[in-house]
file structure-v1.csv (CSV, C-alpha atoms and all ligand atoms)
chain,number,residue,atom,x,y,z
F,1240,MET,CA,90.5,79.9,112.1
F,1241,PRO,CA,92.5,76.7,111.6
F,1242,ASP,CA,95.5,76.1,113.9
F,1243,GLN,CA,98.5,77.4,112.0
F,1244,ARG,CA,101.1,75.8,114.2
F,1245,PRO,CA,103.3,73.5,112.1
F,1246,GLY,CA,103.4,69.9,113.2
F,1247,PRO,CA,106.7,68.3,114.4
F,1248,SER,CA,108.4,68.1,111.0
F,1249,PRO,CA,111.9,66.8,110.8
F,1250,TYR,CA,112.8,70.0,109.0
F,1251,GLY,CA,112.5,71.9,112.3
F,1252,ALA,CA,115.9,70.4,113.0
F,1253,ALA,CA,117.3,71.4,109.6
F,1254,LEU,CA,116.1,74.9,110.2
F,1255,ARG,CA,117.8,75.1,113.6
F,1256,LEU,CA,121.1,74.2,111.8
F,1257,LEU,CA,120.6,77.2,109.5
F,1258,MET,CA,119.8,79.5,112.4
F,1259,GLU,CA,122.8,78.5,114.5
F,1260,PRO,CA,125.9,80.4,113.5
F,1261,ALA,CA,128.4,77.6,114.0
F,1262,PRO,CA,126.9,74.2,114.9
F,1263,ASN,CA,129.4,71.9,116.6
F,1264,THR,CA,129.6,68.3,115.3
F,1265,ALA,CA,128.0,66.7,118.3
F,1266,ALA,CA,125.0,69.1,118.1
F,1267,THR,CA,124.7,68.5,114.4
F,1268,ALA,CA,124.5,64.7,114.9
F,1269,ALA,CA,121.9,65.0,117.6
F,1270,THR,CA,119.6,67.2,115.5
F,1271,LYS,CA,119.9,65.5,112.2
F,1272,PRO,CA,116.6,64.7,110.5
F,1273,PRO,CA,115.7,61.0,110.7
F,1274,THR,CA,115.5,60.7,106.9
F,1275,ALA,CA,118.8,59.8,105.2
F,1276,THR,CA,117.4,61.4,102.0
F,1277,ALA,CA,117.1,64.8,103.6
F,1278,PRO,CA,120.5,66.1,104.5
F,1279,ALA,CA,120.3,69.6,106.1
F,1280,ARG,CA,121.1,72.4,103.6
F,1281,ALA,CA,123.5,73.9,106.1
F,1282,THR,CA,125.8,70.9,105.7
F,1283,ARG,CA,125.6,70.7,101.9
F,1284,PRO,CA,128.1,72.5,99.8
F,1285,ASP,CA,126.5,75.3,97.8
F,1286,THR,CA,127.1,74.4,94.1
F,1287,ARG,CA,124.4,76.6,92.6
F,1288,ARG,CA,126.1,80.0,92.5
F,1289,ALA,CA,126.0,80.4,88.7
F,1290,PRO,CA,125.3,83.9,87.5
F,1291,ALA,CA,121.6,84.5,88.0
F,1292,GLU,CA,119.3,85.1,85.1
F,1293,THR,CA,116.0,86.7,86.0
F,1294,MET,CA,113.2,84.9,84.3
F,1295,LEU,CA,110.3,86.4,86.2
F,1296,LYS,CA,110.0,89.9,87.7
F,1297,VAL,CA,106.7,90.8,89.4
F,1298,GLU,CA,106.3,94.4,90.5
F,1299,ASN,CA,103.5,96.1,92.4
F,1300,LEU,CA,101.0,93.2,92.0
F,1301,SER,CA,97.6,94.0,93.5
F,1302,ILE,CA,94.6,91.8,93.1
F,1303,SER,CA,91.1,92.6,94.2
F,1304,PHE,CA,87.9,90.5,94.1
F,1305,ARG,CA,84.4,91.9,93.5
F,1306,THR,CA,82.3,90.2,96.2
F,1307,ASP,CA,78.8,90.7,97.6
F,1308,GLU,CA,80.4,92.6,100.5
F,1309,GLY,CA,82.2,94.9,98.1
F,1310,LEU,CA,85.7,95.0,96.7
F,1311,ILE,CA,88.4,93.1,98.8
F,1312,THR,CA,92.1,93.3,98.0
F,1313,PRO,CA,93.8,90.2,99.3
F,1314,VAL,CA,97.1,91.0,97.5
F,1315,GLN,CA,98.6,94.4,97.7
F,1316,GLY,CA,101.8,95.7,96.1
F,1317,VAL,CA,103.6,92.4,95.9
F,1318,GLY,CA,107.0,92.2,94.2
F,1319,PHE,CA,109.5,89.4,93.7
F,1320,GLU,CA,111.9,87.9,91.2
F,1321,VAL,CA,112.7,84.3,90.2
F,1322,GLN,CA,116.0,83.3,88.7
F,1323,ALA,CA,116.7,80.4,86.4
F,1324,GLY,CA,117.8,77.3,88.4
F,1325,ARG,CA,116.9,78.9,91.7
F,1326,THR,CA,113.9,78.5,94.1
F,1327,LEU,CA,111.9,81.2,95.7
F,1328,GLY,CA,110.0,80.0,98.8
F,1329,LEU,CA,106.7,81.8,99.3
F,1330,VAL,CA,105.7,81.4,102.9
F,1331,GLY,CA,102.8,82.6,104.9
F,1332,GLU,CA,99.7,81.6,106.9
F,1333,SER,CA,96.5,80.4,105.3
F,1334,GLY,CA,94.7,83.3,103.5
F,1335,SER,CA,97.9,85.4,103.2
F,1336,GLY,CA,97.5,85.5,99.4
F,1337,LYS,CA,100.0,82.9,98.2
F,1338,SER,CA,97.7,81.0,95.9
F,1339,VAL,CA,96.0,84.1,94.5
F,1340,THR,CA,99.4,85.5,93.6
F,1341,THR,CA,100.4,82.3,91.7
F,1342,LYS,CA,97.0,82.0,90.0
F,1343,ALA,CA,97.7,85.5,88.6
F,1344,LEU,CA,100.9,84.3,87.1
F,1345,MET,CA,99.1,81.3,85.5
F,1346,LYS,CA,96.2,83.5,84.3
F,1347,LEU,CA,93.9,81.3,86.3
F,1348,LEU,CA,92.1,84.0,88.4
F,1349,PRO,CA,88.3,83.7,88.5
F,1350,GLY,CA,86.1,86.2,86.7
F,1351,ASN,CA,85.5,88.4,89.7
F,1352,ALA,CA,89.2,89.2,90.1
F,1353,VAL,CA,90.7,92.6,89.1
F,1354,ILE,CA,94.4,93.1,88.7
F,1355,ALA,CA,95.5,96.7,89.4
F,1356,PRO,CA,96.7,98.7,86.4
F,1357,GLU,CA,100.1,99.6,88.1
F,1358,THR,CA,101.0,95.8,88.2
F,1359,SER,CA,103.7,94.5,86.0
F,1360,MET,CA,104.7,90.8,85.5
F,1361,HIS,CA,107.6,90.3,83.1
F,1362,TYR,CA,108.4,86.8,82.0
F,1363,THR,CA,111.2,85.7,79.7
F,1364,THR,CA,110.3,82.7,77.5
F,1365,LYS,CA,112.5,79.8,76.6
F,1366,ALA,CA,113.1,81.5,73.2
F,1367,GLY,CA,114.2,84.6,75.0
F,1368,SER,CA,111.3,86.8,74.3
F,1369,GLU,CA,109.6,89.0,76.9
F,1370,VAL,CA,106.0,88.5,77.8
F,1371,ARG,CA,104.0,90.9,79.9
F,1372,ILE,CA,101.8,88.4,81.8
F,1373,ASP,CA,99.6,91.1,83.2
F,1374,THR,CA,98.5,92.1,79.7
F,1375,LEU,CA,97.7,88.6,78.5
F,1376,LYS,CA,94.0,87.8,78.1
F,1377,PRO,CA,92.9,84.8,80.3
F,1378,GLY,CA,91.8,81.9,78.1
F,1379,SER,CA,93.8,83.3,75.1
F,1380,ARG,CA,96.1,81.1,73.1
F,1381,ALA,CA,99.1,82.9,74.5
F,1382,ALA,CA,97.9,82.3,78.0
F,1383,ARG,CA,97.4,78.6,77.3
F,1384,GLN,CA,100.9,78.3,75.8
F,1385,LEU,CA,102.3,80.0,78.8
F,1386,ARG,CA,100.6,77.6,81.2
F,1387,GLY,CA,102.1,74.1,81.0
F,1388,GLY,CA,104.7,74.8,78.2
F,1389,GLU,CA,106.5,77.7,80.0
F,1390,ILE,CA,105.1,77.7,83.5
F,1391,GLY,CA,104.1,74.3,85.0
F,1392,MET,CA,102.3,73.8,88.3
F,1393,ILE,CA,102.1,71.0,90.9
F,1394,PHE,CA,99.6,71.0,93.8
F,1395,GLN,CA,99.2,69.5,97.2
F,1396,GLU,CA,96.6,67.0,95.9
F,1397,PRO,CA,97.7,65.2,92.7
F,1398,MET,CA,94.0,64.5,91.8
F,1399,ALA,CA,93.7,68.2,91.2
F,1400,SER,CA,96.1,67.7,88.2
F,1401,PHE,CA,94.9,64.2,87.0
F,1402,SER,CA,91.6,63.2,85.7
F,1403,PRO,CA,90.5,59.9,87.3
F,1404,VAL,CA,89.1,58.6,84.0
F,1405,TYR,CA,92.2,58.6,81.8
F,1406,THR,CA,95.4,56.7,82.2
F,1407,ILE,CA,98.5,58.5,83.5
F,1408,GLY,CA,100.1,58.0,80.1
F,1409,ASN,CA,97.2,59.4,78.1
F,1410,GLN,CA,97.2,62.6,80.2
F,1411,MET,CA,101.0,63.0,80.0
F,1412,MET,CA,101.0,62.4,76.2
F,1413,GLU,CA,98.3,65.0,75.8
F,1414,ALA,CA,100.3,67.5,77.8
F,1415,ILE,CA,103.4,66.8,75.8
F,1416,ARG,CA,101.7,67.1,72.4
F,1417,LEU,CA,100.1,70.3,73.4
F,1418,HIS,CA,103.5,71.9,73.8
F,1419,LYS,CA,105.8,69.9,71.5
F,1420,PRO,CA,105.3,69.0,67.8
F,1421,VAL,CA,105.6,65.2,68.3
F,1422,GLY,CA,103.5,62.2,67.3
F,1423,ARG,CA,101.9,59.7,69.7
F,1424,LYS,CA,104.8,57.3,69.7
F,1425,GLU,CA,107.4,59.8,70.5
F,1426,ALA,CA,105.1,61.4,73.2
F,1427,ARG,CA,104.7,58.0,74.8
F,1428,ALA,CA,108.5,57.5,74.8
F,1429,ILE,CA,109.0,61.0,76.4
F,1430,ALA,CA,106.3,60.2,79.0
F,1431,ILE,CA,108.0,56.8,79.9
F,1432,GLU,CA,111.3,58.5,80.2
F,1433,MET,CA,109.9,61.2,82.5
F,1434,LEU,CA,108.2,58.6,84.8
F,1435,ASP,CA,111.5,56.8,85.0
F,1436,ARG,CA,113.2,60.1,85.8
F,1437,VAL,CA,111.0,60.8,88.8
F,1438,GLY,CA,111.7,57.3,90.2
F,1439,ILE,CA,108.6,55.3,89.2
F,1440,SER,CA,109.7,51.7,88.7
F,1441,HIS,CA,108.5,49.8,85.6
F,1442,PRO,CA,107.4,53.0,83.9
F,1443,ALA,CA,106.5,51.2,80.6
F,1444,GLY,CA,103.8,49.3,82.5
F,1445,ARG,CA,102.8,52.0,84.9
F,1446,ILE,CA,102.1,54.4,82.1
F,1447,ASP,CA,98.9,52.6,81.3
F,1448,GLN,CA,97.6,52.6,84.8
F,1449,TYR,CA,95.0,55.0,86.2
F,1450,PRO,CA,95.9,57.6,88.9
F,1451,HIS,CA,94.0,55.7,91.6
F,1452,ASP,CA,96.2,52.6,90.9
F,1453,LEU,CA,99.2,54.4,92.3
F,1454,SER,CA,100.1,55.0,96.0
F,1455,GLY,CA,100.1,58.6,97.3
F,1456,GLY,CA,103.8,59.1,96.9
F,1457,MET,CA,103.8,57.6,93.4
F,1458,ARG,CA,100.9,59.8,92.4
F,1459,GLN,CA,102.8,62.8,93.6
F,1460,ARG,CA,105.8,61.7,91.5
F,1461,ALA,CA,103.6,61.1,88.5
F,1462,MET,CA,102.2,64.6,88.9
F,1463,ILE,CA,105.7,66.1,88.9
F,1464,ALA,CA,106.4,64.0,85.8
F,1465,LEU,CA,103.1,65.4,84.2
F,1466,ALA,CA,104.1,69.0,85.1
F,1467,LEU,CA,107.6,68.5,83.8
F,1468,SER,CA,106.7,66.6,80.6
F,1469,ALA,CA,106.0,69.8,78.7
F,1470,GLY,CA,109.5,71.1,79.8
F,1471,PRO,CA,108.4,74.2,81.8
F,1472,ARG,CA,111.0,76.8,82.4
F,1473,LEU,CA,109.3,77.8,85.6
F,1474,LEU,CA,107.6,75.4,88.1
F,1475,ILE,CA,105.1,76.6,90.7
F,1476,ALA,CA,104.8,74.1,93.4
F,1477,ASP,CA,101.8,74.8,95.8
F,1478,GLU,CA,102.3,72.8,99.0
F,1479,PRO,CA,103.3,69.7,97.0
F,1480,THR,CA,104.6,67.7,99.9
F,1481,THR,CA,102.2,68.6,102.7
F,1482,ALA,CA,99.9,65.6,102.3
F,1483,LEU,CA,102.8,63.1,102.2
F,1484,ASP,CA,104.4,61.3,105.1
F,1485,VAL,CA,107.8,62.7,106.1
F,1486,THR,CA,110.0,60.1,104.5
F,1487,ILE,CA,108.2,60.4,101.1
F,1488,GLN,CA,108.2,64.2,101.6
F,1489,ALA,CA,111.9,64.2,101.9
F,1490,GLN,CA,112.3,62.1,98.8
F,1491,VAL,CA,110.0,64.2,96.8
F,1492,LEU,CA,111.9,67.4,97.9
F,1493,GLU,CA,115.2,65.9,97.0
F,1494,LEU,CA,113.9,64.8,93.6
F,1495,MET,CA,112.6,68.3,92.8
F,1496,ARG,CA,116.0,69.8,93.7
F,1497,GLU,CA,117.7,67.2,91.5
F,1498,LEU,CA,115.4,67.8,88.5
F,1499,GLN,CA,115.7,71.5,89.0
F,1500,ARG,CA,119.5,71.3,88.9
F,1501,ASP,CA,119.4,69.1,85.8
F,1502,LEU,CA,116.8,71.1,83.9
F,1503,GLY,CA,117.8,74.6,85.1
F,1504,MET,CA,114.2,75.4,86.0
F,1505,GLY,CA,113.2,78.3,88.2
F,1506,MET,CA,110.8,77.4,90.9
F,1507,ILE,CA,108.3,79.1,93.2
F,1508,PHE,CA,107.7,76.8,96.2
F,1509,ILE,CA,104.6,77.7,98.3
F,1510,THR,CA,104.3,76.4,101.9
F,1511,HIS,CA,103.3,77.2,105.5
F,1512,ASP,CA,106.4,75.3,106.6
F,1513,LEU,CA,109.5,77.4,107.1
F,1514,GLY,CA,111.4,74.1,107.7
F,1515,VAL,CA,110.6,72.9,104.2
F,1516,ILE,CA,111.6,76.3,102.8
F,1517,ALA,CA,115.0,75.9,104.6
F,1518,GLN,CA,115.5,72.7,102.7
F,1519,ILE,CA,114.6,73.8,99.2
F,1520,ALA,CA,114.6,77.6,98.7
F,1521,ASP,CA,117.5,79.9,97.8
F,1522,GLU,CA,115.4,82.9,98.5
F,1523,ILE,CA,112.4,83.5,100.8
F,1524,ALA,CA,109.5,85.8,100.5
F,1525,VAL,CA,107.3,86.0,103.7
F,1526,MET,CA,103.7,87.0,103.0
F,1527,TYR,CA,101.3,88.5,105.5
F,1528,LEU,CA,97.8,89.6,104.7
F,1529,GLY,CA,98.6,90.0,101.0
F,1530,THR,CA,101.9,91.9,101.4
F,1531,ILE,CA,105.5,90.6,101.3
F,1532,VAL,CA,106.8,91.8,104.6
F,1533,GLU,CA,110.3,90.3,104.3
F,1534,ARG,CA,112.3,88.8,101.5
F,1535,GLY,CA,115.9,87.8,100.9
F,1536,PRO,CA,118.4,84.9,100.8
F,1537,THR,CA,117.1,82.0,102.8
F,1538,ARG,CA,120.1,81.6,105.0
F,1539,GLU,CA,120.2,85.3,105.9
F,1540,VAL,CA,116.4,85.7,106.6
F,1541,ILE,CA,116.4,82.6,108.8
F,1542,ARG,CA,119.6,83.6,110.7
F,1543,ASP,CA,118.7,87.2,111.0
F,1544,PRO,CA,115.0,87.8,110.5
F,1545,LYS,CA,114.1,91.5,110.6
F,1546,HIS,CA,110.3,91.5,110.6
F,1547,PRO,CA,108.6,90.7,113.9
F,1548,TYR,CA,106.2,88.4,111.9
F,1549,THR,CA,109.1,86.3,110.4
F,1550,GLN,CA,110.6,86.2,113.9
F,1551,GLY,CA,107.3,84.9,115.2
F,1552,LEU,CA,107.1,82.2,112.5
F,1553,LEU,CA,110.6,81.0,113.4
F,1554,ARG,CA,109.8,80.8,117.1
F,1555,ALA,CA,106.9,78.6,116.2
F,1556,ILE,CA,109.1,75.9,114.6
F,1557,PRO,CA,109.6,72.8,116.8
F,1558,SER,CA,112.9,71.1,117.0
F,1559,LEU,CA,113.2,67.3,117.3
F,1560,ASP,CA,115.1,67.5,120.5
F,1561,HIS,CA,112.6,69.8,122.2
F,1562,LEU,CA,109.3,68.3,121.0
F,1563,GLN,CA,107.9,68.4,124.5
F,1564,ASP,CA,108.4,72.2,124.7
F,1565,ARG,CA,105.5,74.5,124.2
F,1566,LEU,CA,105.5,76.1,120.8
F,1567,THR,CA,105.3,79.9,120.6
F,1568,PRO,CA,102.8,80.6,117.9
F,1569,VAL,CA,102.4,84.1,116.6
F,1570,PRO,CA,99.8,85.5,119.0
F,1571,GLY,CA,96.4,86.6,117.6
F,1572,ASP,CA,94.5,85.8,114.4
F,1573,THR,CA,95.1,87.2,110.9
F,1574,PRO,CA,92.5,89.8,110.2
F,1575,SER,CA,90.3,89.2,107.2
F,1576,PRO,CA,91.2,91.0,104.0
F,1577,THR,CA,87.8,92.9,104.4
F,1578,GLU,CA,89.1,94.3,107.7
F,1579,ARG,CA,92.7,95.1,106.7
F,1580,PRO,CA,94.2,97.2,109.4
F,1581,LYS,CA,95.4,100.7,108.6
F,1582,GLY,CA,99.2,101.2,108.6
F,1583,CYS,CA,101.4,98.1,108.8
F,1584,PRO,CA,99.0,95.1,108.3
F,1585,PHE,CA,100.8,93.2,111.2
F,1586,HIS,CA,100.6,96.0,113.8
F,1587,THR,CA,97.5,94.5,115.5
F,1588,ARG,CA,99.6,91.4,116.4
F,1589,CYS,CA,103.0,93.0,116.8
F,1590,ALA,CA,104.4,93.2,120.3
F,1591,GLN,CA,106.9,95.9,119.1
F,1592,ALA,CA,104.4,98.1,117.3
F,1593,LEU,CA,105.1,101.8,117.6
F,1594,VAL,CA,101.9,103.6,118.6
F,1595,GLY,CA,101.2,106.5,116.3
F,1596,THR,CA,103.4,105.1,113.5
F,1597,CYS,CA,102.7,101.4,112.8
F,1598,ASP,CA,99.0,101.9,113.2
F,1599,ARG,CA,98.9,104.9,110.9
F,1600,LYS,CA,101.4,104.6,108.0
F,1601,THR,CA,102.2,101.8,105.7
F,1602,PRO,CA,105.9,101.0,105.7
F,1603,ASP,CA,107.8,101.0,102.4
F,1604,GLU,CA,110.3,98.3,101.7
F,1605,VAL,CA,113.8,99.1,103.0
F,1606,PHE,CA,117.0,97.0,102.6
F,1607,PRO,CA,118.9,96.5,105.9
F,1608,SER,CA,121.4,94.6,103.8
F,1609,ARG,CA,121.9,93.8,100.1
F,1610,GLY,CA,119.0,91.8,98.7
F,1611,HIS,CA,117.3,91.6,102.1
F,1612,GLY,CA,114.2,93.7,102.1
F,1613,VAL,CA,111.7,94.3,105.0
F,1614,ARG,CA,108.6,96.4,105.4
F,1615,CYS,CA,108.7,97.5,109.0
F,1616,TRP,CA,108.9,100.8,110.8
F,1617,LEU,CA,111.5,99.3,113.2
F,1618,HIS,CA,114.1,99.4,110.4
F,1619,ASP,CA,115.4,102.5,108.7
F,1620,GLY,CA,117.0,100.9,105.6
F,1621,ASN,CA,120.6,101.6,106.6
F,1622,GLY,CA,121.0,98.4,108.4
F,1623,ARG,CA,119.9,100.0,111.7
F,1624,SER,CA,117.1,99.0,113.9
F,1625,VAL,CA,115.0,102.0,114.9
F,1626,ALA,CA,113.5,100.4,118.1
F,1701,LIG,N1,87.4,84.0,94.1
F,1701,LIG,C1,87.6,84.7,95.3
F,1701,LIG,N2,86.7,85.7,95.7
F,1701,LIG,C2,86.9,86.4,96.8
F,1701,LIG,N3,87.9,86.2,97.6
F,1701,LIG,C3,88.8,85.3,97.3
F,1701,LIG,C4,88.7,84.5,96.1
F,1701,LIG,N4,89.8,83.7,96.1
F,1701,LIG,C5,90.5,83.9,97.2
F,1701,LIG,N5,90.0,84.9,97.9
F,1701,LIG,C6,90.5,85.4,99.2
F,1701,LIG,O1,91.8,85.8,99.0
F,1701,LIG,C7,92.6,85.6,100.2
F,1701,LIG,C8,93.9,84.9,99.9
F,1701,LIG,O2,93.6,83.6,99.5
F,1701,LIG,P1,94.7,82.6,99.1
F,1701,LIG,O3,94.0,81.3,98.7
F,1701,LIG,O4,95.6,83.2,98.1
F,1701,LIG,O5,95.5,82.3,100.4
F,1701,LIG,P2,96.7,81.3,100.7
F,1701,LIG,O6,97.8,82.1,101.3
F,1701,LIG,O7,97.1,80.6,99.4
F,1701,LIG,O8,96.1,80.3,101.7
F,1701,LIG,P3,96.2,78.7,101.9
F,1701,LIG,O9,97.6,78.5,102.4
F,1701,LIG,O10,95.1,78.4,102.8
F,1701,LIG,O11,96.0,78.2,100.5
F,1701,LIG,C9,91.6,84.8,101.1
F,1701,LIG,O12,91.1,85.7,102.1
F,1701,LIG,C10,90.6,84.4,100.2
F,1701,LIG,O13,89.3,84.3,100.9
call {"tool": "encode", "arguments": {"input": "structure-v1.csv", "output": "structure tokens", "more": "lines below"}}
Ligand SMILES: Nc1ncnc2c1ncn2[C@@H]1O[C@H](COP(=O)(O)OP(=O)(O)OP(=O)(O)O)[C@@H](O)[C@H]1O
result
Amino acid sequence: MPDQRPGPSPYGAALRLLMEPAPNTAATAATKPPTATAPARATRPDTRRAPAETMLKVENLSISFRTDEGLITPVQGVGFEVQAGRTLGLVGESGSGKSVTTKALMKLLPGNAVIAPETSMHYTTKAGSEVRIDTLKPGSRAARQLRGGEIGMIFQEPMASFSPVYTIGNQMMEAIRLHKPVGRKEARAIAIEMLDRVGISHPAGRIDQYPHDLSGGMRQRAMIALALSAGPRLLIADEPTTALDVTIQAQVLELMRELQRDLGMGMIFITHDLGVIAQIADEIAVMYLGTIVERGPTREVIRDPKHPYTQGLLRAIPSLDHLQDRLTPVPGDTPSPTERPKGCPFHTRCAQALVGTCDRKTPDEVFPSRGHGVRCWLHDGNGRSVA
């Protein structure tokens, strides 16, 4: 089991600012991240409160895999929404089912995967038509059109997107022409413009370089340009900044926010790091063992986490001014999906578990406040804590 404790990221400090009800000026200055490009969200005026338009609605998503050991179900009853111009942060430990969930959206699940019949995944296209993603055939033309043209994806490792044997430009032009009726010349012009947009200097020259000619940060930017060149309406970003050093990480996050504002894209941002989520996400969904245990507006979930697992993740965040302190990781290991505990999946690690309830019955989602949902027997859904 890999160590899940987050490293000392500068976002720990940004997160603290979100958690503290009224930071005083002196404290704010002392805990500011060292990167000038990453101002804390808490200090930034919120300019994105336009009426929300739901572009993706996932309900009751369950995914199983046929394996030699039998059927395992690493994703169970997941539901969330993504709005145009907003970001949903999907956070959870390794193996919690984040990648499998997004692969289902991209129709990229392997052949041994089975999506439960009660699942529904509604997506609204650029043209305004409704697509039931759950009913699309993987490998079909409709699925290919959805991927790239409507839903783009960026990964932690840019080489997962780029082929090493073609130039950046050739790969971008191919992506553009797959989704837009343009000739080579026009596609090249769009690609150069996109490289420029993501901050790559001398884009007209860089376009003819190979991925390995670029530095790590540049490759990451080029991958964002590649994903955006087909003009996706929804961008799925799977740990896109984890491999970068903190300064570049902050620049890439800022760039993504900027592009999102300009293009009005919806975004699903996947990470282990709640500090990064605090920087980029409007809403958070916390996943544990294939279930969303808590979701809601970022600020509210971070200031007033309801689920003991979310509370544990927040306790595990280091702050820059207390790096010498011991972190408090969530005790215990995540059980394997083949040994999913009965009742609440977190009860085996929960210090507040109610014997006879949490170990027997699976909690339904309740809403202690508007838009803030939690699956935990400690909450009764009327804003009251049962414990
Ligand atoms: N093809 C497959 N066959 C069987 N099990 C699989 C398959 N793909 C994924 N799984 C299982 O599904 C579970 C969830 O995996 P997933 O990759 O979605 O986790 P994650 O939250 O994205 O983790 P990480 O942060 O490490 O990427 C894991 O237990 C994994 O072993």
call {"tool": "closest_atom_pairs", "arguments": {"input": "structure-v1.csv", "of": "chain F", "to": "ligand LIG 1701 (chain F)", "cutoff": "9 Å", "atoms": "all atoms listed in the file", "output": "Markdown table"}}
result
| residue | atom | partner | partner_atom | distance |
| --- | --- | --- | --- | --- |
| F:Ile1302 | CA | F:LIG1701 | O1 | 8.9 |
| F:Ser1303 | CA | F:LIG1701 | N3 | 7.9 |
| F:Phe1304 | CA | F:LIG1701 | C2 | 5.0 |
| F:Arg1305 | CA | F:LIG1701 | C2 | 6.9 |
| F:Thr1306 | CA | F:LIG1701 | C2 | 6.0 |
| F:Leu1310 | CA | F:LIG1701 | C2 | 8.7 |
| F:Ile1311 | CA | F:LIG1701 | N3 | 7.0 |
| F:Thr1312 | CA | F:LIG1701 | O1 | 7.6 |
| F:Pro1313 | CA | F:LIG1701 | C7 | 4.8 |
| F:Val1314 | CA | F:LIG1701 | C8 | 7.3 |
| F:Val1330 | CA | F:LIG1701 | O6 | 8.1 |
| F:Gly1331 | CA | F:LIG1701 | O6 | 6.2 |
| F:Glu1332 | CA | F:LIG1701 | O9 | 5.9 |
| F:Ser1333 | CA | F:LIG1701 | O10 | 3.5 |
| F:Gly1334 | CA | F:LIG1701 | O5 | 3.4 |
| F:Ser1335 | CA | F:LIG1701 | O6 | 3.8 |
| F:Gly1336 | CA | F:LIG1701 | O4 | 3.3 |
| F:Lys1337 | CA | F:LIG1701 | O6 | 3.9 |
| F:Ser1338 | CA | F:LIG1701 | O7 | 3.6 |
| F:Val1339 | CA | F:LIG1701 | O4 | 3.7 |
| F:Thr1340 | CA | F:LIG1701 | O4 | 6.3 |
| F:Thr1341 | CA | F:LIG1701 | O4 | 8.1 |
| F:Lys1342 | CA | F:LIG1701 | O4 | 8.3 |
| F:Leu1348 | CA | F:LIG1701 | N1 | 7.4 |
| F:Pro1349 | CA | F:LIG1701 | N1 | 5.7 |
| F:Gly1350 | CA | F:LIG1701 | N1 | 7.8 |
| F:Asn1351 | CA | F:LIG1701 | N1 | 6.5 |
| F:Ala1352 | CA | F:LIG1701 | N1 | 6.8 |
| F:Asp1477 | CA | F:LIG1701 | O11 | 8.2 |
| F:Glu1478 | CA | F:LIG1701 | O9 | 8.1 |
| F:Ile1509 | CA | F:LIG1701 | O7 | 8.1 |
| F:Thr1510 | CA | F:LIG1701 | O9 | 7.0 |
| F:His1511 | CA | F:LIG1701 | O9 | 6.6 |
| F:Met1526 | CA | F:LIG1701 | O6 | 7.9 |
| F:Tyr1527 | CA | F:LIG1701 | O6 | 8.4 |
| F:Leu1528 | CA | F:LIG1701 | C8 | 7.8 |
| F:Gly1529 | CA | F:LIG1701 | C8 | 7.0 |
| F:Ser1575 | CA | F:LIG1701 | O12 | 6.2 |
| F:Pro1576 | CA | F:LIG1701 | O12 | 5.6 |
| F:Thr1577 | CA | F:LIG1701 | O12 | 8.2 |
call {"tool": "atom_distance", "arguments": {"input": "structure-v1.csv", "atom1": "CA of Trp1616 in chain F", "atom2": "CA of Val1321 in chain F"}}
result
26.7 Å
call {"tool": "residues_around", "arguments": {"input": "structure-v1.csv", "residues": "Arg1423 in chain F", "least_positions_apart": "5", "cutoff": "12 Å", "atoms": "all atoms listed in the file", "output": "PyMOL selection string"}}
result
chain F and resi 1408-1417+1428-1430
call {"tool": "closest_residue", "arguments": {"input": "structure-v1.csv", "among": "F:Leu1295, F:Thr1481, F:Asp1373, F:Ile1431", "to": "Ile1390 in chain F", "atoms": "all atoms listed in the file"}}
result
F:Leu1295
call {"tool": "atom_distance", "arguments": {"input": "structure-v1.csv", "atom1": "CA of Ile1393 in chain F", "atom2": "CA of Leu1327 in chain F"}}
result
14.9 Å
call {"tool": "atom_distance", "arguments": {"input": "structure-v1.csv", "atom1": "CA of Gln1488 in chain F", "atom2": "CA of Val1515 in chain F"}}
result
9.4 Å
call {"tool": "residues_around", "arguments": {"input": "structure-v1.csv", "residues": "Cys1615 in chain F", "least_positions_apart": "2", "cutoff": "12 Å", "atoms": "all atoms listed in the file", "output": "ChimeraX atom specification"}}
result
/F:1530-1533,1544-1549,1582-1586,1589,1591-1593,1596-1598,1600-1607,1612-1613,1617-1620,1623-1626
call {"tool": "closest_residue", "arguments": {"input": "structure-v1.csv", "among": "F:Arg1588, F:Arg1380, F:Arg1325, F:Arg1436", "to": "Ala1464 in chain F", "atoms": "only C-alpha atoms"}}
result
F:Arg1436
call {"tool": "closest_residue", "arguments": {"input": "structure-v1.csv", "among": "F:Lys1581, F:Pro1403, F:Asp1512, F:Gly1571", "to": "Gly1595 in chain F", "atoms": "only C-alpha atoms"}}
result
F:Lys1581
call {"tool": "closest_residue", "arguments": {"input": "structure-v1.csv", "among": "F:Leu1494, F:Leu1300, F:Val1485, F:Leu1329", "to": "Asp1521 in chain F", "atoms": "only C-alpha atoms"}}
result
F:Leu1329
call {"tool": "closest_residue", "arguments": {"input": "structure-v1.csv", "among": "F:Ala1524, F:Met1294, F:Met1504, F:Met1495", "to": "Phe1319 in chain F", "atoms": "only C-alpha atoms"}}
result
F:Ala1524
call {"tool": "decode", "arguments": {"input": "structure-v1.csv", "residues": "range 1368-1378 of chain F", "atoms": "C-alpha atoms", "output": "mmCIF file, in the first residue's frame"}}
result
data_model
loop_
_atom_site.group_PDB
_atom_site.id
_atom_site.type_symbol
_atom_site.label_atom_id
_atom_site.label_comp_id
_atom_site.auth_asym_id
_atom_site.auth_seq_id
_atom_site.Cartn_x
_atom_site.Cartn_y
_atom_site.Cartn_z
ATOM 1 C CA SER F 1368 -28.634 17.633 -27.941
ATOM 2 C CA GLU F 1369 -28.844 15.058 -25.166
ATOM 3 C CA VAL F 1370 -26.587 12.007 -25.254
ATOM 4 C CA ARG F 1371 -27.024 9.007 -22.968
ATOM 5 C CA ILE F 1372 -23.351 8.091 -22.572
ATOM 6 C CA ASP F 1373 -24.263 4.852 -20.797
ATOM 7 C CA THR F 1374 -26.009 3.542 -23.907
ATOM 8 C CA LEU F 1375 -23.231 4.446 -26.413
ATOM 9 C CA LYS F 1376 -21.273 1.510 -27.797
ATOM 10 C CA PRO F 1377 -17.541 1.716 -26.993
ATOM 11 C CA GLY F 1378 -15.596 2.094 -30.257
#
